[in-house]
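*Asks:* Structure supplied as entry-v4.cif; contents: mmCIF, C-alpha atoms and all ligand atoms.
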data_protein
loop_
_atom_site.group_PDB
_atom_site.id
_atom_site.type_symbol
_atom_site.label_atom_id
_atom_site.label_comp_id
_atom_site.auth_asym_id
_atom_site.auth_seq_id
_atom_site.Cartn_x
_atom_site.Cartn_y
_atom_site.Cartn_z
ATOM 1 C CA MET A 1 -14.071 -12.410 54.600
ATOM 2 C CA GLY A 2 -15.519 -10.880 51.383
ATOM 3 C CA TRP A 3 -14.714 -7.339 50.312
ATOM 4 C CA MET A 4 -18.290 -6.253 50.971
ATOM 5 C CA GLU A 5 -18.686 -7.856 54.418
ATOM 6 C CA ASN A 6 -20.407 -5.364 56.783
ATOM 7 C CA ARG A 7 -20.954 -2.891 53.966
ATOM 8 C CA VAL A 8 -24.336 -1.435 52.985
ATOM 9 C CA VAL A 9 -25.382 -0.841 49.381
ATOM 10 C CA LEU A 10 -28.513 0.877 48.013
ATOM 11 C CA ILE A 11 -29.553 -0.100 44.471
ATOM 12 C CA THR A 12 -32.278 1.543 42.366
ATOM 13 C CA GLY A 13 -34.362 -0.582 40.012
ATOM 14 C CA ALA A 14 -33.365 -3.877 41.614
ATOM 15 C CA GLY A 15 -36.680 -5.577 40.840
ATOM 16 C CA SER A 16 -35.299 -7.325 37.755
ATOM 17 C CA GLY A 17 -32.439 -7.480 35.262
ATOM 18 C CA MET A 18 -29.139 -5.785 36.107
ATOM 19 C CA GLY A 19 -30.338 -4.411 39.460
ATOM 20 C CA LYS A 20 -31.557 -7.773 40.695
ATOM 21 C CA ALA A 21 -28.308 -9.464 39.626
ATOM 22 C CA LEU A 22 -26.432 -6.759 41.573
ATOM 23 C CA LEU A 23 -28.629 -7.321 44.611
ATOM 24 C CA GLU A 24 -27.867 -11.061 44.530
ATOM 25 C CA ARG A 25 -24.137 -10.501 43.946
ATOM 26 C CA PHE A 26 -23.747 -7.955 46.761
ATOM 27 C CA LEU A 27 -25.630 -10.251 49.169
ATOM 28 C CA ALA A 28 -23.286 -13.083 48.165
ATOM 29 C CA GLU A 29 -20.326 -10.748 48.832
ATOM 30 C CA GLY A 30 -21.593 -10.251 52.394
ATOM 31 C CA ALA A 31 -23.230 -6.815 52.019
ATOM 32 C CA LYS A 32 -26.607 -5.657 53.299
ATOM 33 C CA VAL A 33 -28.768 -4.217 50.524
ATOM 34 C CA GLY A 34 -31.427 -1.510 50.238
ATOM 35 C CA VAL A 35 -33.592 -1.123 47.129
ATOM 36 C CA LEU A 36 -35.659 1.642 45.530
ATOM 37 C CA GLU A 37 -38.039 0.045 43.014
ATOM 38 C CA PHE A 38 -40.978 1.576 41.130
ATOM 39 C CA SER A 39 -42.990 -1.559 40.426
ATOM 40 C CA ALA A 40 -45.148 -2.462 43.432
ATOM 41 C CA ASP A 41 -45.289 -6.104 42.272
ATOM 42 C CA LYS A 42 -41.509 -6.390 42.008
ATOM 43 C CA ALA A 43 -41.035 -4.643 45.368
ATOM 44 C CA LYS A 44 -43.402 -7.135 46.993
ATOM 45 C CA GLN A 45 -41.644 -10.051 45.300
ATOM 46 C CA LEU A 46 -38.247 -8.868 46.621
ATOM 47 C CA LYS A 47 -39.620 -8.752 50.167
ATOM 48 C CA THR A 48 -40.960 -12.304 49.841
ATOM 49 C CA GLU A 49 -37.757 -13.586 48.281
ATOM 50 C CA PHE A 50 -35.139 -11.924 50.495
ATOM 51 C CA GLY A 51 -36.936 -11.023 53.765
ATOM 52 C CA ASP A 52 -34.890 -9.022 56.277
ATOM 53 C CA GLN A 53 -31.663 -9.239 54.266
ATOM 54 C CA VAL A 54 -33.004 -6.501 52.000
ATOM 55 C CA SER A 55 -34.720 -3.178 52.799
ATOM 56 C CA VAL A 56 -37.213 -2.455 50.026
ATOM 57 C CA THR A 57 -38.701 0.988 49.339
ATOM 58 C CA GLN A 58 -41.337 1.263 46.638
ATOM 59 C CA GLY A 59 -41.035 4.584 44.823
ATOM 60 C CA ASN A 60 -39.935 6.565 41.789
ATOM 61 C CA VAL A 61 -36.294 7.589 41.240
ATOM 62 C CA ALA A 62 -37.532 10.740 39.499
ATOM 63 C CA ASN A 63 -38.955 11.937 42.808
ATOM 64 C CA TYR A 64 -36.468 13.352 45.336
ATOM 65 C CA ALA A 65 -38.603 12.432 48.371
ATOM 66 C CA ASP A 66 -38.649 8.768 47.289
ATOM 67 C CA ASN A 67 -34.837 8.748 47.029
ATOM 68 C CA GLN A 68 -34.627 10.268 50.515
ATOM 69 C CA ALA A 69 -37.091 7.662 51.835
ATOM 70 C CA ALA A 70 -34.965 4.835 50.397
ATOM 71 C CA VAL A 71 -31.781 6.216 51.976
ATOM 72 C CA GLU A 72 -33.532 6.642 55.318
ATOM 73 C CA ALA A 73 -35.041 3.140 55.237
ATOM 74 C CA THR A 74 -31.681 1.570 54.325
ATOM 75 C CA VAL A 75 -29.824 3.418 57.087
ATOM 76 C CA ALA A 76 -32.607 2.628 59.598
ATOM 77 C CA ALA A 77 -32.349 -1.075 58.714
ATOM 78 C CA PHE A 78 -28.561 -1.458 58.490
ATOM 79 C CA GLY A 79 -27.024 1.547 60.297
ATOM 80 C CA LYS A 80 -25.132 3.297 57.462
ATOM 81 C CA LEU A 81 -24.634 3.547 53.692
ATOM 82 C CA ASP A 82 -21.381 2.681 51.881
ATOM 83 C CA THR A 83 -22.427 2.601 48.217
ATOM 84 C CA PHE A 84 -25.282 4.063 46.179
ATOM 85 C CA ILE A 85 -25.923 2.377 42.814
ATOM 86 C CA GLY A 86 -28.080 4.367 40.362
ATOM 87 C CA ASN A 87 -29.365 1.732 37.967
ATOM 88 C CA ALA A 88 -33.102 2.149 37.206
ATOM 89 C CA GLY A 89 -33.602 2.999 33.572
ATOM 90 C CA VAL A 90 -36.043 3.027 30.657
ATOM 91 C CA PHE A 91 -35.513 2.663 26.913
ATOM 92 C CA ASP A 92 -36.604 4.408 23.695
ATOM 93 C CA TYR A 93 -36.718 1.227 21.600
ATOM 94 C CA PHE A 94 -34.414 2.583 18.922
ATOM 95 C CA GLN A 95 -36.942 5.252 17.794
ATOM 96 C CA SER A 96 -34.804 7.339 15.450
ATOM 97 C CA VAL A 97 -35.145 11.024 14.683
ATOM 98 C CA ASN A 98 -36.772 9.916 11.422
ATOM 99 C CA ASP A 99 -39.324 7.725 13.247
ATOM 100 C CA LEU A 100 -40.192 10.236 15.946
ATOM 101 C CA ASP A 101 -43.123 12.591 15.546
ATOM 102 C CA GLY A 102 -41.971 16.149 16.186
ATOM 103 C CA ASP A 103 -44.874 16.669 18.561
ATOM 104 C CA ALA A 104 -44.033 13.544 20.546
ATOM 105 C CA ILE A 105 -40.338 14.212 21.170
ATOM 106 C CA SER A 106 -40.726 16.574 24.093
ATOM 107 C CA ALA A 107 -42.791 14.255 26.316
ATOM 108 C CA ALA A 108 -40.651 11.211 25.429
ATOM 109 C CA PHE A 109 -37.443 13.122 26.153
ATOM 110 C CA ASP A 110 -38.733 14.386 29.513
ATOM 111 C CA GLU A 111 -39.939 10.962 30.595
ATOM 112 C CA LEU A 112 -36.728 9.158 29.671
ATOM 113 C CA PHE A 113 -34.355 11.810 31.033
ATOM 114 C CA SER A 114 -36.324 12.072 34.272
ATOM 115 C CA VAL A 115 -35.506 8.427 35.034
ATOM 116 C CA ASN A 116 -32.127 7.816 33.335
ATOM 117 C CA VAL A 117 -30.442 11.121 34.241
ATOM 118 C CA LYS A 118 -32.445 13.088 36.805
ATOM 119 C CA GLY A 119 -33.060 9.897 38.806
ATOM 120 C CA TYR A 120 -29.293 9.339 39.141
ATOM 121 C CA LEU A 121 -28.650 12.952 40.209
ATOM 122 C CA LEU A 122 -31.470 12.919 42.771
ATOM 123 C CA GLY A 123 -30.266 9.592 44.172
ATOM 124 C CA ALA A 124 -26.694 10.853 44.449
ATOM 125 C CA LYS A 125 -27.911 13.984 46.226
ATOM 126 C CA ALA A 126 -30.135 12.032 48.642
ATOM 127 C CA ALA A 127 -27.325 9.586 49.469
ATOM 128 C CA SER A 128 -24.453 12.054 49.695
ATOM 129 C CA ALA A 129 -24.684 13.002 53.393
ATOM 130 C CA GLU A 130 -24.600 9.341 54.474
ATOM 131 C CA LEU A 131 -21.866 8.489 51.953
ATOM 132 C CA LYS A 132 -19.671 11.298 53.290
ATOM 133 C CA LYS A 133 -19.817 9.726 56.746
ATOM 134 C CA THR A 134 -18.494 6.394 55.437
ATOM 135 C CA ARG A 135 -16.209 7.850 52.733
ATOM 136 C CA GLY A 136 -18.310 5.748 50.414
ATOM 137 C CA SER A 137 -18.950 5.629 46.696
ATOM 138 C CA ILE A 138 -21.520 6.084 43.959
ATOM 139 C CA ILE A 139 -21.781 3.811 40.910
ATOM 140 C CA PHE A 140 -24.047 4.463 37.916
ATOM 141 C CA THR A 141 -25.151 1.908 35.323
ATOM 142 C CA VAL A 142 -24.292 3.427 31.966
ATOM 143 C CA SER A 143 -24.522 1.418 28.698
ATOM 144 C CA ASN A 144 -22.677 0.957 25.434
ATOM 145 C CA ALA A 145 -25.018 3.833 24.467
ATOM 146 C CA GLY A 146 -22.867 6.045 26.708
ATOM 147 C CA PHE A 147 -20.051 5.690 24.146
ATOM 148 C CA TYR A 148 -21.507 4.794 20.743
ATOM 149 C CA PRO A 149 -24.541 5.579 18.597
ATOM 150 C CA GLY A 150 -26.950 2.813 17.597
ATOM 151 C CA GLY A 151 -27.557 1.228 21.013
ATOM 152 C CA GLY A 152 -30.882 3.072 21.144
ATOM 153 C CA GLY A 153 -32.412 6.123 19.551
ATOM 154 C CA PRO A 154 -31.186 9.689 20.095
ATOM 155 C CA ILE A 155 -33.045 10.134 23.384
ATOM 156 C CA TYR A 156 -31.581 7.029 25.081
ATOM 157 C CA THR A 157 -28.111 7.624 23.610
ATOM 158 C CA ALA A 158 -28.127 11.242 24.793
ATOM 159 C CA SER A 159 -29.238 10.146 28.273
ATOM 160 C CA LYS A 160 -26.377 7.661 28.640
ATOM 161 C CA HIS A 161 -23.807 10.155 27.311
ATOM 162 C CA ALA A 162 -25.227 12.565 29.916
ATOM 163 C CA VAL A 163 -24.599 9.973 32.630
ATOM 164 C CA ILE A 164 -20.902 9.863 31.654
ATOM 165 C CA GLY A 165 -20.812 13.652 32.177
ATOM 166 C CA LEU A 166 -22.614 13.326 35.495
ATOM 167 C CA ILE A 167 -20.065 10.773 36.710
ATOM 168 C CA LYS A 168 -17.186 13.153 35.913
ATOM 169 C CA GLN A 169 -18.882 16.237 37.362
ATOM 170 C CA LEU A 170 -19.994 14.501 40.580
ATOM 171 C CA GLY A 171 -16.603 12.826 40.881
ATOM 172 C CA GLN A 172 -15.065 16.282 40.954
ATOM 173 C CA GLU A 173 -17.645 17.868 43.253
ATOM 174 C CA LEU A 174 -17.893 15.043 45.799
ATOM 175 C CA ALA A 175 -14.148 14.416 46.195
ATOM 176 C CA PRO A 176 -12.409 13.725 48.464
ATOM 177 C CA GLU A 177 -15.076 11.950 50.541
ATOM 178 C CA ILE A 178 -17.086 10.150 47.840
ATOM 179 C CA ARG A 179 -15.803 8.358 44.733
ATOM 180 C CA VAL A 180 -18.138 8.386 41.704
ATOM 181 C CA ASN A 181 -17.754 5.840 38.889
ATOM 182 C CA GLY A 182 -19.759 3.961 36.278
ATOM 183 C CA VAL A 183 -20.102 0.566 34.627
ATOM 184 C CA ALA A 184 -21.225 0.408 30.999
ATOM 185 C CA PRO A 185 -22.754 -2.989 30.179
ATOM 186 C CA GLY A 186 -23.504 -4.071 26.644
ATOM 187 C CA GLY A 187 -26.819 -5.601 25.615
ATOM 188 C CA MET A 188 -28.560 -8.140 27.847
ATOM 189 C CA LYS A 189 -31.924 -9.866 27.940
ATOM 190 C CA THR A 190 -33.855 -8.015 30.671
ATOM 191 C CA GLU A 191 -37.269 -6.491 31.251
ATOM 192 C CA LEU A 192 -35.986 -3.022 30.237
ATOM 193 C CA GLY A 193 -39.202 -1.119 29.566
ATOM 194 C CA GLY A 194 -40.347 1.446 27.020
ATOM 195 C CA LEU A 195 -41.915 4.850 27.487
ATOM 196 C CA ASN A 196 -45.507 5.775 28.276
ATOM 197 C CA ALA A 197 -45.069 8.794 26.014
ATOM 198 C CA MET A 198 -44.334 6.463 23.071
ATOM 199 C CA GLY A 199 -47.165 4.072 23.991
ATOM 200 C CA MET A 200 -44.518 1.442 24.747
ATOM 201 C CA ALA A 201 -44.731 1.177 28.540
ATOM 202 C CA ASP A 202 -45.531 -2.535 28.314
ATOM 203 C CA GLN A 203 -42.751 -3.368 25.863
ATOM 204 C CA LYS A 204 -39.894 -5.402 27.392
ATOM 205 C CA LEU A 205 -36.493 -6.016 25.832
ATOM 206 C CA ASP A 206 -36.618 -9.727 26.691
ATOM 207 C CA SER A 207 -39.491 -10.197 24.256
ATOM 208 C CA MET A 208 -37.373 -8.966 21.312
ATOM 209 C CA PRO A 209 -36.873 -12.049 19.125
ATOM 210 C CA GLY A 210 -33.259 -13.052 18.485
ATOM 211 C CA LEU A 211 -31.768 -10.470 20.873
ATOM 212 C CA GLU A 212 -29.051 -12.723 22.313
ATOM 213 C CA GLU A 213 -28.088 -14.127 18.891
ATOM 214 C CA MET A 214 -27.794 -10.564 17.600
ATOM 215 C CA ILE A 215 -25.482 -9.644 20.494
ATOM 216 C CA GLU A 216 -23.358 -12.778 19.998
ATOM 217 C CA ASN A 217 -22.913 -11.975 16.330
ATOM 218 C CA MET A 218 -22.090 -8.332 16.964
ATOM 219 C CA VAL A 219 -19.528 -8.279 19.764
ATOM 220 C CA PRO A 220 -15.916 -9.401 19.274
ATOM 221 C CA LEU A 221 -16.097 -11.659 22.356
ATOM 222 C CA GLN A 222 -19.023 -13.450 20.666
ATOM 223 C CA PHE A 223 -21.199 -14.174 23.654
ATOM 224 C CA ALA A 224 -24.366 -12.658 25.066
ATOM 225 C CA PRO A 225 -23.634 -11.862 28.709
ATOM 226 C CA LYS A 226 -26.311 -12.263 31.376
ATOM 227 C CA PRO A 227 -26.756 -9.478 33.956
ATOM 228 C CA ALA A 228 -24.720 -11.545 36.459
ATOM 229 C CA ASP A 229 -21.737 -11.430 34.063
ATOM 230 C CA TYR A 230 -21.567 -7.631 34.420
ATOM 231 C CA CYS A 231 -21.506 -7.497 38.243
ATOM 232 C CA GLY A 232 -17.771 -7.907 38.918
ATOM 233 C CA PRO A 233 -16.769 -4.312 38.057
ATOM 234 C CA TYR A 234 -19.463 -2.961 40.412
ATOM 235 C CA VAL A 235 -17.954 -4.971 43.288
ATOM 236 C CA LEU A 236 -14.513 -3.665 42.358
ATOM 237 C CA LEU A 237 -15.737 -0.046 42.309
ATOM 238 C CA ALA A 238 -17.659 -0.449 45.594
ATOM 239 C CA SER A 239 -14.569 -1.767 47.350
ATOM 240 C CA PRO A 240 -12.122 0.983 48.415
ATOM 241 C CA GLU A 241 -9.465 -1.700 48.949
ATOM 242 C CA ASN A 242 -9.575 -2.467 45.216
ATOM 243 C CA SER A 243 -10.411 0.873 43.616
ATOM 244 C CA GLY A 244 -9.410 3.489 46.196
ATOM 245 C CA PRO A 245 -7.731 5.821 43.661
ATOM 246 C CA MET A 246 -10.552 5.567 41.064
ATOM 247 C CA THR A 247 -13.107 8.322 40.573
ATOM 248 C CA GLY A 248 -14.819 9.792 37.512
ATOM 249 C CA VAL A 249 -14.174 6.554 35.613
ATOM 250 C CA THR A 250 -16.575 4.404 33.596
ATOM 251 C CA ILE A 251 -15.595 0.760 33.092
ATOM 252 C CA ASN A 252 -16.651 -0.536 29.711
ATOM 253 C CA THR A 253 -18.033 -4.080 29.803
ATOM 254 C CA ASP A 254 -19.588 -4.307 26.369
ATOM 255 C CA GLY A 255 -17.966 -7.423 24.927
ATOM 256 C CA GLY A 256 -15.435 -5.423 22.935
ATOM 257 C CA LEU A 257 -17.488 -2.967 20.875
ATOM 258 C CA GLY A 258 -14.535 -0.572 20.990
ATOM 259 C CA VAL A 259 -12.262 -3.090 19.238
ATOM 260 C CA ILE A 260 -14.617 -4.187 16.497
ATOM 261 C CA ARG A 261 -12.803 -5.066 13.270
ATOM 262 C CA LEU A 262 -13.580 -2.278 10.825
ATOM 263 C CA PHE A 263 -12.459 -4.301 7.809
ATOM 264 C CA PRO A 264 -13.712 -7.886 8.268
ATOM 265 C CA GLY A 265 -11.094 -10.338 7.052
ATOM 266 C CA GLY A 266 -8.301 -7.750 7.118
ATOM 267 C CA GLU A 267 -5.327 -8.230 9.487
HETATM 268 N N1 LIG A 301 -30.823 -4.434 28.963
HETATM 269 C C1 LIG A 301 -29.819 -3.901 28.274
HETATM 270 O O1 LIG A 301 -29.519 -4.316 27.138
HETATM 271 C C2 LIG A 301 -29.006 -2.798 28.888
HETATM 272 C C3 LIG A 301 -27.741 -2.518 28.317
HETATM 273 C C4 LIG A 301 -26.953 -1.514 28.891
HETATM 274 C C5 LIG A 301 -27.428 -0.806 29.968
HETATM 275 N N2 LIG A 301 -28.659 -1.094 30.509
HETATM 276 C C6 LIG A 301 -29.098 -0.310 31.659
HETATM 277 O O2 LIG A 301 -29.254 -1.183 32.769
HETATM 278 C C7 LIG A 301 -30.097 -0.543 33.729
HETATM 279 C C8 LIG A 301 -31.079 -1.561 34.277
HETATM 280 O O3 LIG A 301 -31.983 -1.947 33.248
HETATM 281 P P1 LIG A 301 -32.335 -3.476 32.937
HETATM 282 O O4 LIG A 301 -31.913 -3.736 31.548
HETATM 283 O O5 LIG A 301 -31.869 -4.361 34.020
HETATM 284 O O6 LIG A 301 -33.953 -3.378 32.878
HETATM 285 P P2 LIG A 301 -35.088 -3.882 33.907
HETATM 286 O O7 LIG A 301 -36.351 -3.239 33.447
HETATM 287 O O8 LIG A 301 -35.054 -5.354 34.037
HETATM 288 O O9 LIG A 301 -34.643 -3.236 35.286
HETATM 289 C C9 LIG A 301 -34.887 -1.881 35.585
HETATM 290 C C10 LIG A 301 -35.687 -1.782 36.859
HETATM 291 O O10 LIG A 301 -35.892 -0.394 37.152
HETATM 292 C C11 LIG A 301 -37.229 -0.212 37.567
HETATM 293 N N3 LIG A 301 -37.623 1.165 37.279
HETATM 294 C C12 LIG A 301 -37.955 1.714 36.069
HETATM 295 N N4 LIG A 301 -38.285 2.992 36.212
HETATM 296 C C13 LIG A 301 -38.147 3.290 37.534
HETATM 297 C C14 LIG A 301 -38.351 4.458 38.290
HETATM 298 N N5 LIG A 301 -38.796 5.582 37.714
HETATM 299 N N6 LIG A 301 -38.101 4.409 39.621
HETATM 300 C C15 LIG A 301 -37.673 3.261 40.218
HETATM 301 N N7 LIG A 301 -37.482 2.108 39.549
HETATM 302 C C16 LIG A 301 -37.723 2.126 38.218
HETATM 303 C C17 LIG A 301 -38.029 -1.242 36.761
HETATM 304 O O11 LIG A 301 -39.292 -1.533 37.387
HETATM 305 C C18 LIG A 301 -37.081 -2.430 36.781
HETATM 306 O O12 LIG A 301 -37.285 -3.253 37.914
HETATM 307 C C19 LIG A 301 -30.723 0.660 33.014
HETATM 308 O O13 LIG A 301 -30.063 1.850 33.426
HETATM 309 C C20 LIG A 301 -30.444 0.379 31.552
HETATM 310 O O14 LIG A 301 -30.389 1.563 30.783
HETATM 311 C C21 LIG A 301 -29.443 -2.076 29.994
#
Now, as a test, write the supplied structure out as structure tokens.
*Replies:*
Amino acid sequence: MGWMENRVVLITGAGSGMGKALLERFLAEGAKVGVLEFSADKAKQLKTEFGDQVSVTQGNVANYADNQAAVEATVAAFGKLDTFIGNAGVFDYFQSVNDLDGDAISAAFDELFSVNVKGYLLGAKAASAELKKTRGSIIFTVSNAGFYPGGGGPIYTASKHAVIGLIKQLGQELAPEIRVNGVAPGGMKTELGGLNAMGMADQKLDSMPGLEEMIENMVPLQFAPKPADYCGPYVLLASPENSGPMTGVTINTDGGLGVIRLFPGGE
């Protein structure tokens, strides 16, 4: 029997990329899965693809009522909730403080933080009563941008550093019933979207030319992981048998950015 057999997981932003890989991995591990997804097309596609195995709620993570609706639908379908995964996110496409128009910063900041940070807090709040009943856990998708500059512009980097703080604060506040941890993937080819406020809502990371080659050349492990390659640590953190004493922790899965050789050629 798999570690996730008879467990119920709710994932935000599971319509593509990291979230969809997590959905597929948790189903393969024997879990039942609920989803909160903004895109109506992706929500419909998930229903067609996975049928009754998955409970899909179409809605916005930045809206508390939509998070509540997703928790309720998941519990109605599968009887309980063991793990909430905050994962939906948007990107600032590396717009630096030099690039950004002063007048445009405020709207861009609010839009990005409302999804990447507020969305995680609202989801955690909406899920917490059910998670207390199961002594469950919360997992947030962070990013290499939660640790280092340069994985985005200042708005995205600040949002992912904020998520690290949220993991620690919620880990403290929700103990002893609920464990709160994070996984910080490195770059991957996904549909990660830009901001309306920057006129980049239709931009997708997977259309950036040479993205995977750039990642391969940058990281010490010299390969460009797919979303599926990052799923293992989420399964570990969702499983109390394997990570029972862990809370407030973020597992770094960025291909080794923290051990980059500062002096190429030097030993
Ligand atoms: N792609 C990368 O290089 C990378 C690297 C590190 C971390 N991440 C993080 O991974 C997470 C998943 O992103 P991804 O790369 O798989 O991109 P993705 O766009 O493929 O997946 C994100 C999903 O979230 C949905 N979504 C966006 N805004 C939403 C909202 N307001 N409410 C509900 N759903 C919403 C999108 O429709 C999409 O289906 C994000 O938190 C992102 O910051 C991505």
*Asks:* Taking 2 positions as the minimum chain separation for residues in the same chain, which residues sit within 9 Å of range 234-238 of chain A when counting only C-alpha atoms? Answer as a ChimeraX atom specification.
*Replies:* /A:3-4,9,22,25-26,29,82-85,136-139,179-183,230-232,240-244,246-247
*Asks:* I need the chosen residues saved as an mmCIF file, keeping the file's coordinate frame, with C-alpha atoms.
*Replies:*
data_model
loop_
_atom_site.group_PDB
_atom_site.id
_atom_site.type_symbol
_atom_site.label_atom_id
_atom_site.label_comp_id
_atom_site.auth_asym_id
_atom_site.auth_seq_id
_atom_site.Cartn_x
_atom_site.Cartn_y
_atom_site.Cartn_z
ATOM 1 C CA TRP A 3 -14.714 -7.339 50.312
ATOM 2 C CA MET A 4 -18.290 -6.253 50.971
ATOM 3 C CA VAL A 9 -25.382 -0.841 49.381
ATOM 4 C CA LEU A 22 -26.432 -6.759 41.573
ATOM 5 C CA ARG A 25 -24.137 -10.501 43.946
ATOM 6 C CA PHE A 26 -23.747 -7.955 46.761
ATOM 7 C CA GLU A 29 -20.326 -10.748 48.832
ATOM 8 C CA ASP A 82 -21.381 2.681 51.881
ATOM 9 C CA THR A 83 -22.427 2.601 48.217
ATOM 10 C CA PHE A 84 -25.282 4.063 46.179
ATOM 11 C CA ILE A 85 -25.923 2.377 42.814
ATOM 12 C CA GLY A 136 -18.310 5.748 50.414
ATOM 13 C CA SER A 137 -18.950 5.629 46.696
ATOM 14 C CA ILE A 138 -21.520 6.084 43.959
ATOM 15 C CA ILE A 139 -21.781 3.811 40.910
ATOM 16 C CA ARG A 179 -15.803 8.358 44.733
ATOM 17 C CA VAL A 180 -18.138 8.386 41.704
ATOM 18 C CA ASN A 181 -17.754 5.840 38.889
ATOM 19 C CA GLY A 182 -19.759 3.961 36.278
ATOM 20 C CA VAL A 183 -20.102 0.566 34.627
ATOM 21 C CA TYR A 230 -21.567 -7.631 34.420
ATOM 22 C CA CYS A 231 -21.506 -7.497 38.243
ATOM 23 C CA GLY A 232 -17.771 -7.907 38.918
ATOM 24 C CA PRO A 240 -12.122 0.983 48.415
ATOM 25 C CA GLU A 241 -9.465 -1.700 48.949
ATOM 26 C CA ASN A 242 -9.575 -2.467 45.216
ATOM 27 C CA SER A 243 -10.411 0.873 43.616
ATOM 28 C CA GLY A 244 -9.410 3.489 46.196
ATOM 29 C CA MET A 246 -10.552 5.567 41.064
ATOM 30 C CA THR A 247 -13.107 8.322 40.573
#
*Asks:* Within 6 Å of ligand LIG 301 (chain A), counting only C-alpha atoms and all ligand atoms, which protein or nucleic acid residues do you find, written as an MDAnalysis selection string?
*Replies:* chainID A and resid 12:19 36:39 59:62 87:90 115 141:143 185:193
*Asks:* In Å, how far is it from CA of Ser106 in chain A to CA of Lys160 in chain A?
*Replies:* 17.5 Å
*Asks:* Can you work out which one of A:Gly194, A:Gly150, A:Gly119, A:Gly102 has the shortest atom-to-atom distance to Tyr64 in chain A, counting only C-alpha atoms?
*Replies:*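 Counting only C-alpha atoms, the residue closest to Tyr64 in chain A is A:Gly119.
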*Asks:* Restricting the calculation to all atoms listed in the file: of A:Asp202, A:Met208, A:Ile260, A:Leu166, which residue gets closest to Leu221 in chain A?
*Replies:*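 Of A:Asp202, A:Met208, A:Ile260, A:Leu166, the one nearest Leu221 in chain A is A:Ile260, counting all atoms listed in the file.
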*Asks:* Ranking A:Asp254, A:Glu5, A:Asp92, A:Asp229 by minimum distance to Ala21 in chain A and counting all atoms listed in the file, which one comes first?
*Replies:*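 Among the listed residues, A:Asp229 lies closest to Ala21 in chain A.
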*Asks:* Choose the residue, out of A:Gly86, A:Pro227, A:Gly146, A:Pro233, that has the smallest atom-to-atom separation from Lys118 in chain A; count only C-alpha atoms.
*Replies:*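 Looking only at the distances to Lys118 in chain A, the closest residue turns out to be A:Gly86.
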*Asks:* Could you jot down the CA of Asn67 in chain A to CA of Asp52 in chain A separation for me, Å, one decimal place?
*Replies:* 20.0 Å
*Asks:* To one decimal in Å, tell me the separation between CA of Ala145 in chain A and CA of Gln172 in chain A.
*Replies:* 22.9 Å
*Asks:* Residues near Phe78 in chain A, anyone? I mean within 12 Å using only C-alpha atoms, not counting same-chain ones fewer than 3 positions away, as a list in words.
*Replies:* Asn6, Arg7, Val8, Val9, Leu10, Ala31, Lys32, Val33, Gly34, Asp52, Gln53, Val54, Ser55, Val71, Glu72, Ala73, Thr74, Val75, Leu81 and Asp82 of chain A
*Asks:* Would you output that residue set with C-alpha atoms, as a JSON list (two decimals), in the frame of the given file?
*Replies:*
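Dumped everything to again-v8.json:
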[["chain", "number", "residue", "atom", "x", "y", "z"],
["A", 6, "ASN", "CA", -20.41, -5.36, 56.78],
["A", 7, "ARG", "CA", -20.95, -2.89, 53.97],
["A", 8, "VAL", "CA", -24.34, -1.44, 52.98],
["A", 9, "VAL", "CA", -25.38, -0.84, 49.38],
["A", 10, "LEU", "CA", -28.51, 0.88, 48.01],
["A", 31, "ALA", "CA", -23.23, -6.82, 52.02],
["A", 32, "LYS", "CA", -26.61, -5.66, 53.30],
["A", 33, "VAL", "CA", -28.77, -4.22, 50.52],
["A", 34, "GLY", "CA", -31.43, -1.51, 50.24],
["A", 52, "ASP", "CA", -34.89, -9.02, 56.28],
["A", 53, "GLN", "CA", -31.66, -9.24, 54.27],
["A", 54, "VAL", "CA", -33.00, -6.50, 52.00],
["A", 55, "SER", "CA", -34.72, -3.18, 52.80],
["A", 71, "VAL", "CA", -31.78, 6.22, 51.98],
["A", 72, "GLU", "CA", -33.53, 6.64, 55.32],
["A", 73, "ALA", "CA", -35.04, 3.14, 55.24],
["A", 74, "THR", "CA", -31.68, 1.57, 54.32],
["A", 75, "VAL", "CA", -29.82, 3.42, 57.09],
["A", 81, "LEU", "CA", -24.63, 3.55, 53.69],
["A", 82, "ASP", "CA", -21.38, 2.68, 51.88]]
*Asks:* Draw an axis-aligned box tight on the listed atoms of range 226-242 of chain A, then pad every side by 5 Å and write out centre and edge lengths in Å to one decimal as lines of an AutoDock Vina configuration file.
*Replies:*
center_x = -18.1
center_y = -5.6
center_z = 40.2
size_x = 27.3
size_y = 23.2
size_z = 27.6
*Asks:* Given the choices A:Gly51, A:Leu174, A:Glu212, A:Ala201, which gets closest to Ala129 in chain A if the distance is worked out from only C-alpha atoms?
*Replies:* A:Leu174
*Asks:* If you count only C-alpha atoms, which residues fall within 10 Å of Phe109 in chain A, apart from same-chain ones fewer than 6 positions away, as a PyMOL selection string?
*Replies:* chain A and resi 92+154-156+158-159+195+197
*Asks:* Please determine, counting only C-alpha atoms, which residue among A:Gly151, A:Ser128, A:Phe91, A:Lys80 has the shortest atom-to-atom distance to Glu173 in chain A.
*Replies:*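 Distance minimum relative to Glu173 in chain A lands on A:Ser128.
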*Asks:* List the spatial neighbours of Phe147 in chain A as a ChimeraX atom specification - criterion: any atom at most 10 Å away, only C-alpha atoms, same-chain residues fewer than 6 positions off excluded.
*Replies:* /A:157-158,160-161,164,184,252,257-258
